[in-house]
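Shown below: start-v9.txt, with compact mmCIF, C-alpha atoms.
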# COMPACT_ATOMS: atom_id res chain seq x y z
CA MET G 5 -14.33 50.70 -68.58
CA LYS G 6 -16.69 48.00 -69.86
CA LYS G 7 -16.25 47.13 -73.52
CA ALA G 8 -19.11 46.43 -75.92
CA LEU G 9 -19.29 45.20 -79.48
CA THR G 10 -22.33 46.25 -81.52
CA ILE G 11 -23.54 45.01 -84.85
CA ILE G 12 -24.44 48.09 -86.86
CA SER G 13 -26.23 48.09 -90.19
CA GLY G 14 -26.55 51.83 -90.72
CA GLY G 15 -30.29 51.81 -90.07
CA ILE G 16 -32.26 53.64 -87.40
CA ASP G 17 -32.22 50.91 -84.76
CA SER G 18 -28.55 49.95 -84.73
CA SER G 19 -27.40 53.56 -85.07
CA THR G 20 -29.47 54.46 -82.04
CA LEU G 21 -28.06 51.44 -80.22
CA LEU G 22 -24.52 52.64 -80.82
CA TYR G 23 -25.38 56.07 -79.39
CA LYS G 24 -27.05 54.42 -76.40
CA ILE G 25 -24.00 52.25 -75.70
CA LEU G 26 -21.74 55.29 -75.74
CA ASN G 27 -24.20 57.12 -73.51
CA ASP G 28 -24.07 54.13 -71.14
CA ARG G 29 -20.29 54.65 -70.98
CA TYR G 30 -19.09 51.55 -72.76
CA GLU G 31 -15.92 51.52 -74.78
CA ALA G 32 -17.58 50.72 -78.11
CA TYR G 33 -16.52 48.49 -81.01
CA ALA G 34 -18.68 48.18 -84.11
CA LEU G 35 -19.11 45.46 -86.71
CA THR G 36 -20.91 45.68 -90.05
CA PHE G 37 -21.62 42.93 -92.54
CA ILE G 38 -21.70 43.04 -96.30
CA TYR G 39 -23.83 39.97 -96.97
CA GLY G 40 -25.00 40.62 -100.49
CA GLN G 41 -27.79 42.97 -99.43
CA LYS G 42 -29.18 45.01 -102.32
CA HIS G 43 -29.22 48.02 -100.05
CA SER G 44 -25.46 48.02 -99.55
CA LYS G 45 -25.73 51.80 -99.23
CA GLU G 46 -26.38 51.14 -95.53
CA VAL G 47 -22.77 49.99 -95.19
CA GLU G 48 -21.48 53.40 -96.29
CA VAL G 49 -23.84 55.00 -93.79
CA ALA G 50 -22.52 52.75 -91.00
CA LYS G 51 -18.98 53.84 -91.91
CA ASP G 52 -19.97 57.52 -91.81
CA ILE G 53 -21.58 57.16 -88.39
CA THR G 54 -18.76 55.21 -86.74
CA SER G 55 -16.18 57.52 -88.28
CA LYS G 56 -18.09 60.57 -86.97
CA LEU G 57 -17.99 58.95 -83.51
CA ASN G 58 -14.36 57.86 -83.93
CA ILE G 59 -15.17 54.23 -83.11
CA ASP G 60 -13.21 51.08 -83.98
CA HIS G 61 -15.29 49.68 -86.85
CA LYS G 62 -14.78 46.51 -88.85
CA VAL G 63 -16.64 45.89 -92.10
CA ILE G 64 -16.64 42.22 -92.99
CA ASP G 65 -17.56 40.97 -96.44
CA ILE G 66 -19.46 37.70 -96.31
CA SER G 67 -21.37 38.33 -99.52
CA SER G 68 -20.44 34.83 -100.66
CA LEU G 69 -23.39 33.76 -98.48
CA GLN G 70 -25.67 35.25 -101.11
CA GLU G 71 -25.16 32.02 -103.04
CA ILE G 72 -26.75 29.89 -100.33
CA LEU G 73 -29.21 32.14 -98.45
CA ARG G 74 -32.48 32.73 -100.27
CA SER G 75 -34.20 36.08 -99.63
CA ALA G 76 -35.58 39.10 -101.49
CA LEU G 77 -32.85 41.14 -99.75
CA THR G 78 -30.06 39.18 -101.39
CA SER G 79 -31.31 37.03 -104.28
CA PRO G 80 -31.23 38.90 -107.61
CA GLU G 81 -34.16 36.82 -108.92
CA ILE G 82 -36.51 37.86 -106.07
CA LYS G 83 -37.83 41.44 -106.29
CA ILE G 84 -38.12 43.62 -103.18
CA PRO G 85 -41.91 43.88 -102.78
CA GLU G 86 -43.75 47.20 -102.54
CA VAL G 87 -46.44 47.65 -99.92
CA SER G 88 -49.94 49.09 -100.10
CA GLY G 89 -51.93 47.92 -97.04
CA GLU G 90 -51.48 46.48 -93.56
CA LEU G 91 -51.84 42.79 -94.40
CA LYS G 92 -49.70 43.25 -97.45
CA HIS G 93 -47.10 44.92 -95.27
CA TYR G 94 -46.74 41.76 -93.18
CA ASP G 95 -46.77 39.53 -96.26
CA SER G 96 -44.13 41.58 -97.98
CA LEU G 97 -41.91 41.45 -94.91
CA LYS G 98 -41.79 37.67 -95.16
CA PHE G 99 -39.87 37.91 -98.42
CA THR G 100 -37.20 39.90 -96.62
CA VAL G 101 -36.34 37.20 -94.10
CA VAL G 102 -32.71 36.20 -94.61
CA PRO G 103 -32.68 32.69 -93.13
CA ASN G 104 -30.83 32.66 -89.82
CA ARG G 105 -29.27 36.07 -90.42
CA ASN G 106 -28.96 37.19 -86.82
CA SER G 107 -27.65 33.84 -85.72
CA ILE G 108 -24.93 34.13 -88.37
CA PHE G 109 -24.13 37.76 -87.52
CA LEU G 110 -24.08 37.10 -83.78
CA SER G 111 -21.89 33.99 -84.11
CA ILE G 112 -19.29 35.98 -86.00
CA ALA G 113 -19.63 38.89 -83.56
CA VAL G 114 -19.06 36.52 -80.64
CA GLY G 115 -15.92 35.11 -82.31
CA TYR G 116 -14.63 38.65 -82.80
CA ALA G 117 -15.58 39.64 -79.24
CA ILE G 118 -13.57 36.69 -77.87
CA SER G 119 -10.59 37.71 -80.01
CA ILE G 120 -10.58 41.27 -78.61
CA ARG G 121 -11.65 40.27 -75.08
CA VAL G 122 -15.04 41.91 -75.12
CA ASN G 123 -17.86 40.31 -73.09
CA HIS G 124 -20.86 42.38 -74.18
CA VAL G 125 -22.28 41.83 -77.66
CA PHE G 126 -25.22 44.00 -78.69
CA TYR G 127 -27.66 43.92 -81.57
CA ALA G 128 -30.68 46.05 -82.33
CA ALA G 129 -33.63 43.64 -82.61
CA HIS G 130 -36.79 45.54 -81.70
CA PHE G 131 -40.35 44.65 -80.80
CA SER G 132 -41.94 45.08 -84.24
CA ASP G 133 -39.42 42.61 -85.70
CA ARG G 134 -40.69 39.72 -83.65
CA GLY G 135 -43.67 38.76 -85.81
CA VAL G 136 -41.74 37.96 -88.96
CA TYR G 137 -38.14 37.57 -87.83
CA PRO G 138 -37.83 34.74 -85.31
CA ASP G 139 -34.19 35.62 -84.61
CA CYS G 140 -35.37 38.92 -83.13
CA ARG G 141 -37.37 37.32 -80.32
CA GLU G 142 -36.45 37.39 -76.67
CA GLU G 143 -36.42 33.59 -76.32
CA PHE G 144 -33.93 33.37 -79.19
CA VAL G 145 -31.59 35.92 -77.60
CA GLU G 146 -31.65 33.97 -74.35
CA ALA G 147 -31.08 30.60 -76.03
CA PHE G 148 -28.34 31.97 -78.25
CA ASN G 149 -26.61 33.59 -75.29
CA HIS G 150 -26.60 30.25 -73.51
CA ALA G 151 -25.23 28.42 -76.56
CA SER G 152 -22.56 31.08 -77.10
CA ARG G 153 -21.32 30.85 -73.53
CA LEU G 154 -20.91 27.11 -74.00
CA ALA G 155 -19.30 27.55 -77.43
CA THR G 156 -16.64 29.86 -76.06
CA ASP G 157 -16.36 28.56 -72.52
CA ASN G 158 -16.97 32.11 -71.37
CA PRO G 159 -19.68 32.39 -68.70
CA ASP G 160 -19.28 36.19 -68.69
CA LEU G 161 -20.40 36.59 -72.29
CA VAL G 162 -23.64 38.56 -72.56
CA ILE G 163 -25.64 39.01 -75.73
CA GLU G 164 -27.95 41.94 -75.31
CA ALA G 165 -30.84 43.27 -77.34
CA PRO G 166 -31.95 46.27 -75.28
CA PHE G 167 -34.61 47.35 -77.81
CA ILE G 168 -36.36 43.99 -77.90
CA LYS G 169 -39.42 45.34 -76.09
CA MET G 170 -39.35 48.78 -77.73
CA SER G 171 -41.20 49.97 -80.82
CA LYS G 172 -39.36 51.82 -83.58
CA SER G 173 -41.08 55.03 -82.43
CA GLU G 174 -39.71 54.59 -78.95
CA ILE G 175 -36.26 54.00 -80.43
CA VAL G 176 -36.51 57.20 -82.49
CA SER G 177 -37.67 59.04 -79.40
CA LEU G 178 -34.67 57.82 -77.41
CA GLY G 179 -32.28 58.49 -80.30
CA THR G 180 -33.53 62.02 -80.74
CA LYS G 181 -32.59 62.70 -77.11
CA LEU G 182 -29.18 61.11 -77.70
CA GLY G 183 -28.55 63.19 -80.84
CA VAL G 184 -28.55 60.39 -83.41
CA PRO G 185 -28.11 61.94 -86.88
CA TYR G 186 -31.14 60.24 -88.46
CA GLU G 187 -30.64 62.18 -91.66
CA LEU G 188 -27.54 60.01 -92.22
CA THR G 189 -29.17 56.64 -91.46
CA TRP G 190 -30.47 54.36 -94.20
CA SER G 191 -33.52 52.05 -94.15
CA CYS G 192 -34.69 51.48 -97.74
CA TYR G 193 -34.34 47.88 -98.93
CA LYS G 194 -34.12 48.97 -102.55
CA GLY G 195 -30.93 50.91 -102.03
CA GLY G 196 -31.53 53.60 -104.67
CA GLU G 197 -30.39 57.23 -104.59
CA LYS G 198 -33.20 58.25 -102.21
CA HIS G 199 -35.41 56.21 -99.87
CA CYS G 200 -38.14 54.69 -102.10
CA GLY G 201 -40.88 55.33 -99.52
CA VAL G 202 -42.90 52.22 -100.45
CA CYS G 203 -40.92 49.13 -99.41
CA SER G 204 -41.76 47.62 -96.03
CA SER G 205 -38.70 49.14 -94.41
CA CYS G 206 -39.43 52.67 -95.69
CA ARG G 207 -43.03 52.35 -94.47
CA GLU G 208 -41.85 51.41 -91.00
CA ARG G 209 -39.40 54.29 -90.99
CA LYS G 210 -42.05 56.81 -91.99
CA ARG G 211 -44.46 55.52 -89.37
CA ALA G 212 -41.86 55.57 -86.58
CA PHE G 213 -41.42 59.34 -86.95
CA GLN G 214 -45.13 60.03 -87.56
CA ASP G 215 -46.36 58.08 -84.52
CA ILE G 216 -44.10 59.96 -82.15
CA GLY G 217 -44.59 63.36 -83.79
CA ILE G 218 -40.91 63.92 -84.54
CA PRO G 219 -40.06 65.54 -87.89
CA ASP G 220 -38.72 62.94 -90.34
CA PRO G 221 -35.50 64.23 -91.95
CA THR G 222 -35.67 61.61 -94.73
CA VAL G 223 -36.16 62.51 -98.38
CA TYR G 224 -38.51 59.90 -99.92
CA GLU G 225 -39.08 59.31 -103.63
CA ARG G 226 -42.79 58.52 -103.06
CA MET J 25 -35.86 10.32 -98.65
CA LYS J 26 -34.53 12.34 -95.72
CA LYS J 27 -32.16 15.14 -96.65
CA ALA J 28 -29.02 16.03 -94.71
CA LEU J 29 -26.52 18.85 -94.94
CA THR J 30 -22.98 18.13 -93.71
CA ILE J 31 -20.15 20.49 -93.04
CA ILE J 32 -17.08 18.89 -94.59
CA SER J 33 -13.53 20.12 -94.13
CA GLY J 34 -11.70 17.41 -96.03
CA GLY J 35 -10.29 15.82 -92.89
CA ILE J 36 -10.78 12.32 -91.53
CA ASP J 37 -13.80 13.02 -89.33
CA SER J 38 -16.03 14.95 -91.71
CA SER J 39 -15.15 12.72 -94.67
CA THR J 40 -16.18 9.70 -92.63
CA LEU J 41 -19.34 11.53 -91.59
CA LEU J 42 -20.29 12.08 -95.21
CA TYR J 43 -19.84 8.38 -95.99
CA LYS J 44 -21.89 7.50 -92.90
CA ILE J 45 -24.75 9.78 -93.94
CA LEU J 46 -24.87 8.22 -97.38
CA ASN J 47 -24.75 4.78 -95.78
CA ASP J 48 -27.69 5.87 -93.57
CA ARG J 49 -29.59 6.61 -96.80
CA TYR J 50 -29.83 10.37 -96.58
CA GLU J 51 -29.87 12.54 -99.66
CA ALA J 52 -26.65 14.40 -98.88
CA TYR J 53 -25.65 18.04 -99.34
CA ALA J 54 -22.19 19.24 -98.37
CA LEU J 55 -20.81 22.61 -97.33
CA THR J 56 -17.16 23.64 -96.99
CA PHE J 57 -15.76 26.89 -95.66
CA ILE J 58 -12.71 28.81 -96.75
CA TYR J 59 -12.09 30.84 -93.61
CA GLY J 60 -8.50 31.87 -94.04
CA GLN J 61 -7.12 28.55 -92.79
CA LYS J 62 -3.45 28.08 -93.65
CA HIS J 63 -4.22 24.49 -94.58
CA SER J 64 -6.56 25.46 -97.41
CA LYS J 65 -5.42 22.30 -99.14
CA GLU J 66 -8.21 20.58 -97.20
CA VAL J 67 -10.73 22.48 -99.33
CA GLU J 68 -9.41 20.85 -102.52
CA VAL J 69 -9.63 17.49 -100.78
CA ALA J 70 -13.25 18.17 -99.81
CA LYS J 71 -14.00 18.98 -103.45
CA ASP J 72 -12.35 15.75 -104.61
CA ILE J 73 -14.33 13.65 -102.16
CA THR J 74 -17.75 15.19 -102.87
CA SER J 75 -17.09 15.10 -106.59
CA LYS J 76 -16.13 11.41 -106.36
CA LEU J 77 -19.45 10.81 -104.56
CA ASN J 78 -21.36 13.08 -106.96
CA ILE J 79 -22.79 15.18 -104.13
CA ASP J 80 -24.15 18.74 -104.23
CA HIS J 81 -21.28 20.68 -102.66
CA LYS J 82 -21.02 24.39 -101.92
CA VAL J 83 -17.69 25.99 -101.06
CA ILE J 84 -18.20 29.33 -99.34
CA ASP J 85 -15.41 31.85 -98.93
CA ILE J 86 -15.62 33.69 -95.63
CA SER J 87 -11.90 34.30 -95.39
CA SER J 88 -12.63 37.94 -94.56
CA LEU J 89 -13.19 36.60 -91.03
CA GLN J 90 -9.44 36.11 -90.78
CA GLU J 91 -9.24 39.83 -90.02
CA ILE J 92 -11.27 39.49 -86.81
CA LEU J 93 -10.74 35.91 -85.53
CA ARG J 94 -7.42 35.37 -83.82
CA SER J 95 -5.92 31.86 -84.07
CA ALA J 96 -2.76 30.08 -85.16
CA LEU J 97 -4.86 28.45 -87.90
CA THR J 98 -5.67 31.79 -89.52
CA SER J 99 -3.44 34.59 -88.22
CA PRO J 100 -0.22 34.98 -90.26
CA GLU J 101 1.63 36.34 -87.20
CA ILE J 102 0.94 33.21 -85.08
CA LYS J 103 2.97 30.12 -86.03
CA ILE J 104 1.39 26.65 -86.08
CA PRO J 105 3.10 24.99 -83.11
CA GLU J 106 4.96 21.68 -83.37
CA VAL J 107 4.45 19.01 -80.74
CA SER J 108 6.89 16.83 -78.84
CA GLY J 109 5.12 15.42 -75.73
CA GLU J 110 1.66 14.80 -74.30
CA LEU J 111 1.29 17.99 -72.25
CA LYS J 112 2.72 20.01 -75.06
CA HIS J 113 0.21 18.41 -77.39
CA TYR J 114 -2.66 19.84 -75.36
CA ASP J 115 -0.97 23.21 -75.02
CA SER J 116 -0.28 23.45 -78.72
CA LEU J 117 -3.91 22.61 -79.51
CA LYS J 118 -5.03 25.71 -77.63
CA PHE J 119 -3.37 27.93 -80.22
CA THR J 120 -5.48 26.29 -82.88
CA VAL J 121 -8.83 27.29 -81.38
CA VAL J 122 -10.62 29.55 -83.86
CA PRO J 123 -12.97 31.47 -81.55
CA ASN J 124 -16.56 30.31 -82.04
CA ARG J 125 -15.76 28.52 -85.30
CA ASN J 126 -18.37 25.80 -85.10
CA SER J 127 -21.04 28.24 -84.01
CA ILE J 128 -20.25 30.35 -87.08
CA PHE J 129 -20.14 27.35 -89.43
CA LEU J 130 -23.34 25.85 -88.04
CA SER J 131 -25.22 29.17 -88.19
CA ILE J 132 -24.42 29.50 -91.85
CA ALA J 133 -25.21 25.83 -92.45
CA VAL J 134 -28.60 26.27 -90.78
CA GLY J 135 -29.36 29.29 -92.98
CA TYR J 136 -28.46 27.25 -96.06
CA ALA J 137 -30.46 24.26 -94.81
CA ILE J 138 -33.56 26.46 -94.40
CA SER J 139 -33.05 27.81 -97.93
CA ILE J 140 -32.98 24.30 -99.45
CA ARG J 141 -35.56 22.82 -97.04
CA VAL J 142 -33.24 20.43 -95.26
CA ASN J 143 -33.93 19.65 -91.59
CA HIS J 144 -30.84 17.65 -90.65
CA VAL J 145 -27.54 19.48 -90.24
CA PHE J 146 -24.48 17.40 -89.38
CA TYR J 147 -20.98 18.20 -88.24
CA ALA J 148 -18.12 15.97 -87.23
CA ALA J 149 -17.18 17.00 -83.68
CA HIS J 150 -15.63 13.99 -81.94
CA PHE J 151 -14.80 13.02 -78.38
CA SER J 152 -11.12 14.01 -78.36
CA ASP J 153 -12.09 17.55 -79.43
CA ARG J 154 -14.00 18.25 -76.26
CA GLY J 155 -11.07 19.19 -74.03
CA VAL J 156 -9.84 22.15 -76.03
CA TYR J 157 -12.73 23.03 -78.35
CA PRO J 158 -15.82 23.96 -76.33
CA ASP J 159 -17.96 24.11 -79.48
CA CYS J 160 -17.41 20.36 -79.90
CA ARG J 161 -19.13 19.42 -76.63
CA GLU J 162 -22.48 17.70 -76.34
CA GLU J 163 -24.01 20.45 -74.22
CA PHE J 164 -23.11 22.99 -76.90
CA VAL J 165 -24.74 20.94 -79.67
CA GLU J 166 -27.93 20.67 -77.62
CA ALA J 167 -28.01 24.39 -76.74
CA PHE J 168 -27.21 25.43 -80.30
CA ASN J 169 -29.91 23.17 -81.68
CA HIS J 170 -32.43 24.78 -79.37
CA ALA J 171 -31.32 28.30 -80.34
CA SER J 172 -31.39 27.41 -84.05
CA ARG J 173 -34.93 26.07 -83.86
CA LEU J 174 -36.00 29.36 -82.32
CA ALA J 175 -33.97 31.40 -84.81
CA THR J 176 -35.66 29.77 -87.78
CA ASP J 177 -39.04 28.95 -86.27
CA ASN J 178 -38.47 25.36 -87.37
CA PRO J 179 -39.09 22.82 -84.61
CA ASP J 180 -38.04 20.00 -86.98
CA LEU J 181 -34.48 21.26 -87.33
CA VAL J 182 -31.95 18.81 -85.92
CA ILE J 183 -28.26 19.53 -85.50
CA GLU J 184 -26.42 16.26 -85.14
CA ALA J 185 -22.89 15.38 -84.15
CA PRO J 186 -22.97 11.56 -84.30
CA PHE J 187 -19.22 11.22 -83.51
CA ILE J 188 -19.37 13.28 -80.34
CA LYS J 189 -18.77 10.25 -78.13
CA MET J 190 -16.38 8.51 -80.52
CA SER J 191 -12.59 8.65 -80.59
CA LYS J 192 -10.74 9.32 -83.84
CA SER J 193 -9.69 5.66 -83.88
CA GLU J 194 -13.30 4.55 -83.71
CA ILE J 195 -14.11 6.95 -86.55
CA VAL J 196 -11.28 5.51 -88.68
CA SER J 197 -12.51 2.03 -87.85
CA LEU J 198 -16.04 2.90 -88.99
CA GLY J 199 -14.76 4.72 -92.08
CA THR J 200 -12.61 1.80 -93.12
CA LYS J 201 -15.73 -0.37 -93.19
CA LEU J 202 -17.55 2.31 -95.20
CA GLY J 203 -14.71 2.59 -97.73
CA VAL J 204 -13.61 6.16 -96.95
CA PRO J 205 -10.58 6.98 -99.14
CA TYR J 206 -8.34 8.14 -96.29
CA GLU J 207 -5.42 8.53 -98.67
CA LEU J 208 -7.30 11.53 -100.09
CA THR J 209 -8.19 13.20 -96.77
CA TRP J 210 -6.11 16.02 -95.32
CA SER J 211 -5.33 16.79 -91.65
CA CYS J 212 -2.09 18.78 -91.45
CA TYR J 213 -2.52 22.32 -90.12
CA LYS J 214 0.58 23.50 -91.93
CA GLY J 215 -0.82 22.78 -95.37
CA GLY J 216 2.47 21.92 -97.10
CA GLU J 217 3.01 19.43 -99.93
CA LYS J 218 2.93 16.44 -97.57
CA HIS J 219 1.54 16.02 -94.04
CA CYS J 220 4.21 17.49 -91.71
CA GLY J 221 3.78 14.71 -89.14
CA VAL J 222 4.54 16.94 -86.14
CA CYS J 223 1.67 19.42 -85.74
CA SER J 224 -1.08 18.49 -83.28
CA SER J 225 -3.42 17.46 -86.06
CA CYS J 226 -0.84 15.18 -87.75
CA ARG J 227 -0.07 13.57 -84.38
CA GLU J 228 -3.73 12.82 -83.79
CA ARG J 229 -4.05 11.41 -87.29
CA LYS J 230 -1.04 9.11 -86.84
CA ARG J 231 -2.31 7.90 -83.48
CA ALA J 232 -5.83 7.22 -84.75
CA PHE J 233 -4.52 4.63 -87.24
CA GLN J 234 -1.89 3.21 -84.85
CA ASP J 235 -4.32 2.68 -81.96
CA ILE J 236 -6.74 0.69 -84.07
CA GLY J 237 -4.06 -1.22 -85.98
CA ILE J 238 -5.18 -0.05 -89.42
CA PRO J 239 -2.42 0.78 -91.95
CA ASP J 240 -2.05 4.56 -92.30
CA PRO J 241 -2.00 5.49 -96.02
CA THR J 242 -0.61 8.97 -95.25
CA VAL J 243 2.85 10.09 -96.40
CA TYR J 244 4.39 12.16 -93.60
CA GLU J 245 7.42 14.43 -93.89
CA ARG J 246 8.63 13.52 -90.39
Output the structure of this file as structure tokens.
Amino acid sequence: MKKALTIISGGIDSSTLLYKILNDRYEAYALTFIYGQKHSKEVEVAKDITSKLNIDHKVIDISSLQEILRSALTSPEIKIPEVSGELKHYDSLKFTVVPNRNSIFLSIAVGYAISIRVNHVFYAAHFSDRGVYPDCREEFVEAFNHASRLATDNPDLVIEAPFIKMSKSEIVSLGTKLGVPYELTWSCYKGGEKHCGVCSSCRERKRAFQDIGIPDPTVYER
Amino acid sequence: MKKALTIISGGIDSSTLLYKILNDRYEAYALTFIYGQKHSKEVEVAKDITSKLNIDHKVIDISSLQEILRSALTSPEIKIPEVSGELKHYDSLKFTVVPNRNSIFLSIAVGYAISIRVNHVFYAAHFSDRGVYPDCREEFVEAFNHASRLATDNPDLVIEAPFIKMSKSEIVSLGTKLGVPYELTWSCYKGGEKHCGVCSSCRERKRAFQDIGIPDPTVYER
């Protein structure tokens, strides 16, 4: 049985990815990072989902990085922006870039994969990410895969981002077929009791369900 | 003035690198990782050296990685091997590979560099590392630089390993000219009171001074 390690945040994309990997008959391992994100609620969600699926799940605390990585997602002095229009949506997303986040997460995931002899490392970058987050682009995945093979002397290592050409709606559509419990997943950057409904991540979540005509199980504050 | 961020461990190579960067007239920033290494004494040494030079120095604790990265340097259940001959030296080094370590360190360094608007990121891989540590090879540095530029959308980012074709003796020779306080630096993997003198790292340290005929200021146990 092929083994796969997935980075899971507890959001829609990575939760769907985990279900897809199991559906594709991989033996699955999961890895979640606490990196000082304000929405640390997603970590609890990731634990719930992996525990429901009875999957080997490591949660690694690297929140010390908060001190050196500047972003609205981690820096207490930068507020998570709210969104009102399309242009503003894109602008507000820019504040949420955590510099080099996926490179950091993938590097650690690769180190872990080598330690447990796993050759497939997955993460859930998707098509809508590519505008603002450069580490969610296809050319990055390819370049990083090449560098990681050299770093570990393992030509069989494969870093895969199977959603990289899919929209969030298409991911939700796939996940609905796979039985992903979207009511458990967490997207809101603010990390309150309920999804705020107005941050860039909540807006994307709402739209993903609306566009595909699938009922959204999320309770939003606004 | 050009700005440069260096990863410094407190050993001979990275300490010399820091002195070289200052000599090359960069405004220097330094970054040290606590990653669960048994020889955490090197971190105190790194602090002493950067403080002596009055350099902006961040020490980041990612020792949670110890749980997922298997190596004699970090795993309590794997003993640091002692060395008696040449073949055994190479074999014992293999135990000290921390999977993907430089990829992890560099990814974080790049994220920090972006946050403080620094384009030059240095690390002290040297020629003798290349046999056992794949993430100290020239082709890795090049591939990782390419991936990091894509990850951060910054074509000006340069990852440099200026010692990659130099032996440890050549580094010590350069550092002696630059006034590196080698009596402060730390190499021993065992991390005791004194340098043990018999681990692979102590052996390399001894040989570096011997080969170049420079007096070794280190006090060894054996």
Kindly indicate which residue among J:Cys212, J:Val67, J:Leu89, J:Leu55 lies nearest to G:Phe109, using all atoms listed in the file for the distances.
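For G:Phe109, the nearest of the candidates is J:Leu89.
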List every residue of chain G that has an atom at most 7 Å from any atom of chain J, and for each one report the closest atom pair and its distance in Å to one decimal, counting only C-alpha atoms, with rows sorted by chain and then by increasing residue number, as CSV.
residue,atom,partner,partner_atom,distance
G:Ile64,CA,J:Ser88,CA,6.1
G:Asp65,CA,J:Ser88,CA,6.1
G:Ile66,CA,J:Ile86,CA,5.6
G:Ser68,CA,J:Ile84,CA,6.1
G:Leu69,CA,J:Ile84,CA,6.9
G:Ile72,CA,J:Tyr136,CA,5.3
G:Leu73,CA,J:Tyr136,CA,5.5
G:Arg74,CA,J:Ser139,CA,5.5
G:Pro103,CA,J:Gly135,CA,4.8
G:Asn104,CA,J:Gly135,CA,4.8
G:Ser107,CA,J:Ser131,CA,5.8
G:Ile108,CA,J:Ser131,CA,5.0
G:Ser111,CA,J:Ile128,CA,5.0
G:Ile112,CA,J:Ile128,CA,5.8
G:Val114,CA,J:Asn124,CA,6.8
G:Gly115,CA,J:Pro123,CA,4.7
G:Tyr116,CA,J:Ile92,CA,5.3
G:Ile118,CA,J:Pro123,CA,6.4
G:Ser119,CA,J:Arg94,CA,5.5
G:Pro138,CA,J:Ala175,CA,5.1
G:Asp139,CA,J:Ala175,CA,4.2
G:Phe144,CA,J:Leu174,CA,5.5
G:Ala147,CA,J:Ala171,CA,4.9
G:Phe148,CA,J:Ala171,CA,5.2
G:His150,CA,J:Ala167,CA,6.8
G:Ala151,CA,J:Ala167,CA,4.9
G:Leu154,CA,J:Phe164,CA,5.5
G:Ala155,CA,J:Asp159,CA,4.2
G:Thr156,CA,J:Pro158,CA,6.0
G:Asp157,CA,J:Pro158,CA,6.0
Export of the given selection (C-alpha atoms) as a PDB file, keeping the file's coordinate frame:
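Just written: again09.pdb:
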ATOM      1  CA  ILE G  64     -16.640  42.220 -92.990  1.00  0.00           C
ATOM      2  CA  ASP G  65     -17.560  40.970 -96.440  1.00  0.00           C
ATOM      3  CA  ILE G  66     -19.460  37.700 -96.310  1.00  0.00           C
ATOM      4  CA  SER G  68     -20.440  34.830-100.660  1.00  0.00           C
ATOM      5  CA  LEU G  69     -23.390  33.760 -98.480  1.00  0.00           C
ATOM      6  CA  ILE G  72     -26.750  29.890-100.330  1.00  0.00           C
ATOM      7  CA  LEU G  73     -29.210  32.140 -98.450  1.00  0.00           C
ATOM      8  CA  ARG G  74     -32.480  32.730-100.270  1.00  0.00           C
ATOM      9  CA  PRO G 103     -32.680  32.690 -93.130  1.00  0.00           C
ATOM     10  CA  ASN G 104     -30.830  32.660 -89.820  1.00  0.00           C
ATOM     11  CA  SER G 107     -27.650  33.840 -85.720  1.00  0.00           C
ATOM     12  CA  ILE G 108     -24.930  34.130 -88.370  1.00  0.00           C
ATOM     13  CA  SER G 111     -21.890  33.990 -84.110  1.00  0.00           C
ATOM     14  CA  ILE G 112     -19.290  35.980 -86.000  1.00  0.00           C
ATOM     15  CA  VAL G 114     -19.060  36.520 -80.640  1.00  0.00           C
ATOM     16  CA  GLY G 115     -15.920  35.110 -82.310  1.00  0.00           C
ATOM     17  CA  TYR G 116     -14.630  38.650 -82.800  1.00  0.00           C
ATOM     18  CA  ILE G 118     -13.570  36.690 -77.870  1.00  0.00           C
ATOM     19  CA  SER G 119     -10.590  37.710 -80.010  1.00  0.00           C
ATOM     20  CA  PRO G 138     -37.830  34.740 -85.310  1.00  0.00           C
ATOM     21  CA  ASP G 139     -34.190  35.620 -84.610  1.00  0.00           C
ATOM     22  CA  PHE G 144     -33.930  33.370 -79.190  1.00  0.00           C
ATOM     23  CA  ALA G 147     -31.080  30.600 -76.030  1.00  0.00           C
ATOM     24  CA  PHE G 148     -28.340  31.970 -78.250  1.00  0.00           C
ATOM     25  CA  HIS G 150     -26.600  30.250 -73.510  1.00  0.00           C
ATOM     26  CA  ALA G 151     -25.230  28.420 -76.560  1.00  0.00           C
ATOM     27  CA  LEU G 154     -20.910  27.110 -74.000  1.00  0.00           C
ATOM     28  CA  ALA G 155     -19.300  27.550 -77.430  1.00  0.00           C
ATOM     29  CA  THR G 156     -16.640  29.860 -76.060  1.00  0.00           C
ATOM     30  CA  ASP G 157     -16.360  28.560 -72.520  1.00  0.00           C
TER      31      ASP G 157
END
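Picture a line from atom CA of J:Val222 to atom CA of J:Ser38; it runs 21.4 Å.
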Selected residue of minimal separation from G:Ile12 among G:Leu77, G:Ala129, G:Ile218, G:Ile82, counting only C-alpha atoms:
G:Ala129
When you draw a straight line from atom CA of G:Ala212 to atom CA of G:Asn27, how long is it in Å?
22.0 Å
Among the residues G:Asp95, G:Glu86, G:Asp28, G:Glu164, the one that comes closest to G:Thr10 [using all atoms listed in the file]
G:Glu164
Go ahead and compute the interatomic distance for atom CA of J:Cys226 and atom CA of J:Glu101, in Å to one decimal.
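Between these atoms lies a distance of 21.3 Å.
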Pick from G:Pro221, G:Pro159, G:Gly183, G:Gly195: nearest to G:Glu48, with all atoms listed in the file counted?
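With all atoms listed in the file as the atom set, the closest residue is G:Gly195.
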So which residues touch G:Leu188 within 10 Å, counting all atoms listed in the file, skipping near sequence neighbours fewer than 4 positions away, as a PyMOL selection string?
chain G and resi 14-16+19+46+48-50+52-53+184+221-222
